[in-house]
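Below: the structure, in structure tokens.
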Amino acid sequence: MANKIPRVPVREQDPAIRATNFEEVCYGYDQQEAILEASRCLRCKKPRCVEACPVGINIPEFIAALHEGRVQEAAEIISADSSLPSICGRVCPQETQCEGSCILGIKGEPVAIGKLERFVGDWKLEHGAAPKAAAPRNGRKVAVIGSGPAGLACASDLARMGYGVKIFEALHEAGGVLVYGIPEFRLPKQRIVAREIEAVKALGVEIETDVIVGRTVTIDSLLDEEGYDAVFIGSGAGLPRFMGIPGENLNGVVSANEFLTRANLMHAYDAAYDTPIYVGQRVVVVGGGNVAMDAVRTAKRLGADATIVYRRSEKELPARVEEVHHAREEGICFRMLTNPTEVLGDERGWVTGVRCVEMELGEPDESGRRSPVVKPGSEFEIPCDVVIMALGTSPNPLLAATTEGLETSRRGCITADEHGATTRKGVFAGGDAVTGAATVILAMGAGRTAAKAIDEYIRSL
């Protein structure tokens, strides 16, 4: 039976070699491997994987087409619900979504849905049919703020509906967190991200970079002066958080956001570029999420001895299991149940280490995770040259501050209902700008939901 076939392993770079370069870690499946893995799918009558997918991809149907060698058809099935399959197949947490709901995973290993999506997406970039022409325009215009996953997904769906869509991006390159936040070794920028964005532009979507909405233009001017019928905010969450401990203003303390932006978007890892980036000999990254893993693995590739410091145990690490596994393979040191209390420095104002305390887990907090409690008398120091804070991010307050009637939560997130409608008429929002830092696929789902709501709103005018 199909479920007796073991999961097809995926080929990867040797850890000792990849820890010294920025080439992609995972090679993915070739067509023969993909078809064999596709044969494991049971094509359930009530596919739980589809229910668990934030954008609702018809997973059994695309896998069935792939199994029969109809790769173009598989690509078209995915494209009906996702405009970024090569990206999602690489960075989405399938283990907690589609694959986490796969029936085969109850007693064995689930179908490698993410790796199959990646194969189909990559095949389409190389061999697929030419992009479909933009839909006939209906005379209505929508402005999209931010060219990350939420903005791209919303813009794609609206363009297919016939709207004139223009994305306004604050940075000099489109892609949002896909280009500034996720390292090259996890998500190649030119080979994958740039080409996926070109496919979105082929639908008729315009993208204008170097536009800071709230400064260059405002939401009010887009609606009242430039003739847009609605605005979607998909500006992400790029404002870093810090611990508020002594020594955070020392030279050598940076946010993961700044560190990764320098390395990814500004090519600091490439000797051909002059972008400054300092890692010293020893780097400590504070945090346990995917961003922390990206930062610590980047620091390792830049030549530093790199350590993760996290206040809970490994069981509570919020990062993907795959990323933690890859980090360990690459020689990253993990200091679990450890919390910094002070960043130490020399007389010149440069970091020399981190003073920490050991923790133990107490009762569960409101998130369901056990709260870390300080062990008395457990202070110790970790020598280092750089401290990278990867403690999460929140939305930039600029949009709310410059838009009358746009409410935010106490965490600075834009207030929006389940359809993406904000407290300001004609303004919708989704993704990290609403939820705080989350995943690519959840942001895409929010963008698609908002596109439907925007269509209904404009039709009602």
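Chain lettering (A, B, ...) mirrors the order of the structure tokens, residue numbering begins at 1 for each chain separately, and ligand numbering begins at 1 in order of display.
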
| If you run DSSP on the backbone, which residues of range 175-398 of chain A are helix (DSSP H, G or I), as number ranges by chain? | A: 177-180, 189-201, 219-224, 256-264, 290-301, 314-316, 321-329, 398

| request: Excluding Lys315 in chain A and residues on its chain fewer than 5 positions from it, collect all residues at most 10 Å away from it, counting only C-alpha atoms, and give them as an MDAnalysis selection string. | output: chainID A and resid 321 336 369

| query | Can you list, as a list in words, every protein, DNA or RNA residue that comes within 7 Å of Pro149 in chain A when you count only C-alpha atoms, leaving out same-chain residues fewer than 2 positions away? | reply | Ser147, Gly151, Leu152, Ala153, Val440, Ala443 and Met444 of chain A

Residues near Gln97 in chain A, cut-off 10 Å, only C-alpha atoms, skip fewer than 4 positions along chain, as a CSV table (one decimal) with N, CA, C and O atoms, in the first residue's frame:
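Saved file around-v8.csv follows:
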```csv
chain,number,residue,atom,x,y,z
A,48,ARG,N,-7.6,16.5,5.5
A,48,ARG,CA,-7.3,17.4,6.6
A,48,ARG,C,-6.2,18.4,6.2
A,48,ARG,O,-6.1,19.5,6.8
A,49,CYS,N,-5.3,18.0,5.3
A,49,CYS,CA,-4.2,18.9,4.9
A,49,CYS,C,-4.7,20.2,4.3
A,49,CYS,O,-4.1,21.2,4.5
A,50,VAL,N,-5.8,20.1,3.5
A,50,VAL,CA,-6.3,21.3,2.9
A,50,VAL,C,-6.9,22.2,3.9
A,50,VAL,O,-6.7,23.4,3.9
A,51,GLU,N,-7.6,21.6,4.9
A,51,GLU,CA,-8.2,22.5,6.0
A,51,GLU,C,-7.1,23.2,6.8
A,51,GLU,O,-7.3,24.3,7.3
A,52,ALA,N,-5.9,22.5,6.9
A,52,ALA,CA,-4.8,23.1,7.7
A,52,ALA,C,-3.9,24.1,6.9
A,52,ALA,O,-3.1,24.7,7.5
A,53,CYS,N,-4.2,24.2,5.6
A,53,CYS,CA,-3.4,25.1,4.7
A,53,CYS,C,-4.0,26.5,4.8
A,53,CYS,O,-5.2,26.7,4.4
A,54,PRO,N,-3.3,27.5,5.3
A,54,PRO,CA,-3.9,28.9,5.4
A,54,PRO,C,-4.4,29.5,4.1
A,54,PRO,O,-5.3,30.4,4.1
A,92,CYS,N,7.7,27.7,4.7
A,92,CYS,CA,6.5,27.6,5.5
A,92,CYS,C,6.6,26.4,6.5
A,92,CYS,O,7.2,25.4,6.2
A,93,PRO,N,6.0,26.6,7.7
A,93,PRO,CA,6.1,25.5,8.7
A,93,PRO,C,5.1,24.4,8.4
A,93,PRO,O,4.1,24.2,9.1
A,101,SER,N,-1.2,17.7,9.7
A,101,SER,CA,-2.5,17.1,9.7
A,101,SER,C,-2.6,15.9,8.8
A,101,SER,O,-3.7,15.3,8.7
A,102,CYS,N,-1.5,15.5,8.1
A,102,CYS,CA,-1.6,14.3,7.2
A,102,CYS,C,-1.8,13.0,8.0
A,102,CYS,O,-1.2,12.8,9.0
A,441,ILE,N,3.1,32.0,5.1
A,441,ILE,CA,1.8,31.5,4.6
A,441,ILE,C,0.6,32.1,5.3
A,441,ILE,O,-0.4,32.3,4.7
```

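The shortest atom-to-atom distance to Ala80 in chain A, with only C-alpha atoms taken into account, belongs to A:Asp157 out of A:Asp305, A:Glu24, A:Glu117, A:Asp157.
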
| query | Near Ala75 in chain A, within 10 Å and counting only C-alpha atoms, which residues show up once chain neighbours fewer than 6 positions away are dropped, as a PyMOL selection string? | reply | chain A and resi 62-63+65-66+82+85+117+119-125+128-129

| Backbone DSSP call of strand (DSSP E) for range 368-419 of chain A, listed as a count of residues only | 15

| said: Which residues are close to range 2-18 of chain A, i.e. within 6 Å by only C-alpha atoms, leaving aside same-chain residues fewer than 4 positions away? Reply as a ChimeraX atom specification. | reply: /A:25-28,37,40,329-330

| field | Non-local contacts of range 426-431 of chain A (8 Å; only C-alpha atoms; under 6 positions in same chain excluded) as number ranges by chain | value | A: 149-150, 229-234, 236, 414, 416, 420, 438, 442-444, 446-447, 450, 454, 457

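CA of Tyr180 in chain A is positioned 19.5 Å from CA of Pro397 in chain A.
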
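When CA of Gly105 in chain A is paired with CA of Gln32 in chain A, their separation reads 22.5 Å.
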
| field | Distance of CA of Arg312 in chain A from CA of Asp385 in chain A, expressed in Å to one decimal place | value |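 We find that CA of Asp385 in chain A and CA of Arg312 in chain A lie 23.7 Å from each other.
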
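For the residues A:Ser79, A:Thr393, A:Thr307, A:Ser367, ranking by smallest atom-to-atom distance to Leu239 in chain A using only C-alpha atoms places A:Thr393 first.
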
Which residues of range 150-243 of chain A have any atom within 9 Å of an atom in range 250-264 of chain A when counting only C-alpha atoms, and what is the closest pair of atoms for each, with the distance in Å to one decimal? Order the rows by chain and rising number and write it as a Markdown table.
```
| residue | atom | partner | partner_atom | distance |
| --- | --- | --- | --- | --- |
| A:Val177 | CA | A:Thr261 | CA | 9.0 |
| A:Val179 | CA | A:Asn264 | CA | 6.5 |
| A:Tyr180 | CA | A:Thr261 | CA | 4.6 |
| A:Gly181 | CA | A:Leu260 | CA | 5.6 |
| A:Ile182 | CA | A:Asn264 | CA | 7.2 |
| A:Pro183 | CA | A:Asn264 | CA | 5.8 |
| A:Glu184 | CA | A:Asn264 | CA | 6.7 |
| A:Lys189 | CA | A:Asn264 | CA | 8.7 |
| A:Gly238 | CA | A:Asn257 | CA | 7.1 |
| A:Leu239 | CA | A:Asn257 | CA | 8.1 |
| A:Pro240 | CA | A:Ser255 | CA | 6.4 |
| A:Arg241 | CA | A:Ser255 | CA | 7.7 |
| A:Phe242 | CA | A:Ser255 | CA | 7.6 |
```
